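Beneath this line is the structure, given in structure tokens, with notes to follow.
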Amino acid sequence: MNKVILMGRLTRDPEVRYSQGATPLAIARYTLAVDRRQARGNGGDDQQTADFISCVAFGRAGEFAERYLHKGTKILVTGRIQTGSYTNRDGVKVYTTEVVVEDHEFAESRNASGNEGGYNNGGYNNNGGFGGGYNNGGFGGNAAPSGAGDGFMNIPDGIDEELPFN
């Protein structure tokens with residue numbers, strides 16, 4: 001089984017290109033900085049380091065990356081490892097390893113990340129759907145106002161009769 005699950009932050013905005021042909025396909029490439037804890041020898045102090053992992057997303061997942069992912073965004077990625085090789089201009093064989101993204105979703109709220117994107121929490125999966133539920137997967141600038149950092153939205157006064165619960 002070839003399955004990868006990663007959580008990290010984008011090191012820069014995704015680089016997106018479109019394939020040639022009758023139906024162009026979005027191909028987004030980005031690098032995730034994934035924290036790695038390793039104990040140091042003597043005092044047992046933890047030293048924070050990171051691995052920088054190349055990711056590629058195709059099709060609608062690539063379009064999602066182009067539209068919503070930005071440098072510093074914390075995301076959760078599931079996919080598979082793919083290896084390959086090519087010969088560069090100098091005739092040297094270069095080996096590559098990257099994660100082919102099957103699903104990716106936001107790992108923190110917009111407020112926590114400091115980004116100005118149009119999401120609250122949620123994500124995209126390559127099966128054609130957006131993740132999360134009400135106010136957890138919404139997109140666009142018309143999202144409901146957020147609360148005072150507690151993760152709940154404020155309900156305006158006078159709309160109690162419109163709510164489906166009491």
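All residue names refer to the structure tokens as shown: chains lettered A, B, ... in order, residues numbered from 1 in each chain, ligands numbered from 1 in order.
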**OP:** Determine, counting only C-alpha atoms, which protein, DNA and RNA residues have an atom within 6 Å of an atom of region 55-62 of chain A; residues of the same chain fewer than 5 positions away are not included. Present the result as a list in words.
**Re:**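 The residues that qualify are Leu25, Ala26, Ile27, Ala28, Arg29, Tyr30, Thr31, Glu98, Val99, Val100, Val101 and Asn126 of chain A.
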**OP:** Identify, on the basis of only C-alpha atoms, every residue whose closest approach to Gly79 (chain A) does not exceed 8 Å; exclude the query and any residue fewer than 2 positions from it along the same chain; express the result as a list in words.
**Re:** Lys3, Val4, Ile5, Val77, Ile81, Val99, Val100, Val101, Glu102 and Asp103 of chain A
Original post:
For the atom pair CA of Leu10 (chain A) and CA of Arg37 (chain A), what is the interatomic distance in Å to one decimal place?
Top reply: 18.5 Å
Subject >> Atomic distance CA of Asp13 (chain A) - CA of Tyr86 (chain A), expressed in Å with one decimal >> reply: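 CA of Tyr86 (chain A) lies at a distance of 25.3 Å from CA of Asp13 (chain A).
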Original post:
Which of these residues is nearest to Arg80 (chain A), using only C-alpha atoms: A:Glu105, A:Arg17, A:Thr23, A:Thr97?
Top reply: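 Closest to Arg80 (chain A) of all the choices is A:Thr97.
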Subject >> DSSP-assigned helix (DSSP H, G or I) among region 3-105 of chain A, expressed as a PyMOL selection string >> reply: chain A and resi 60-68
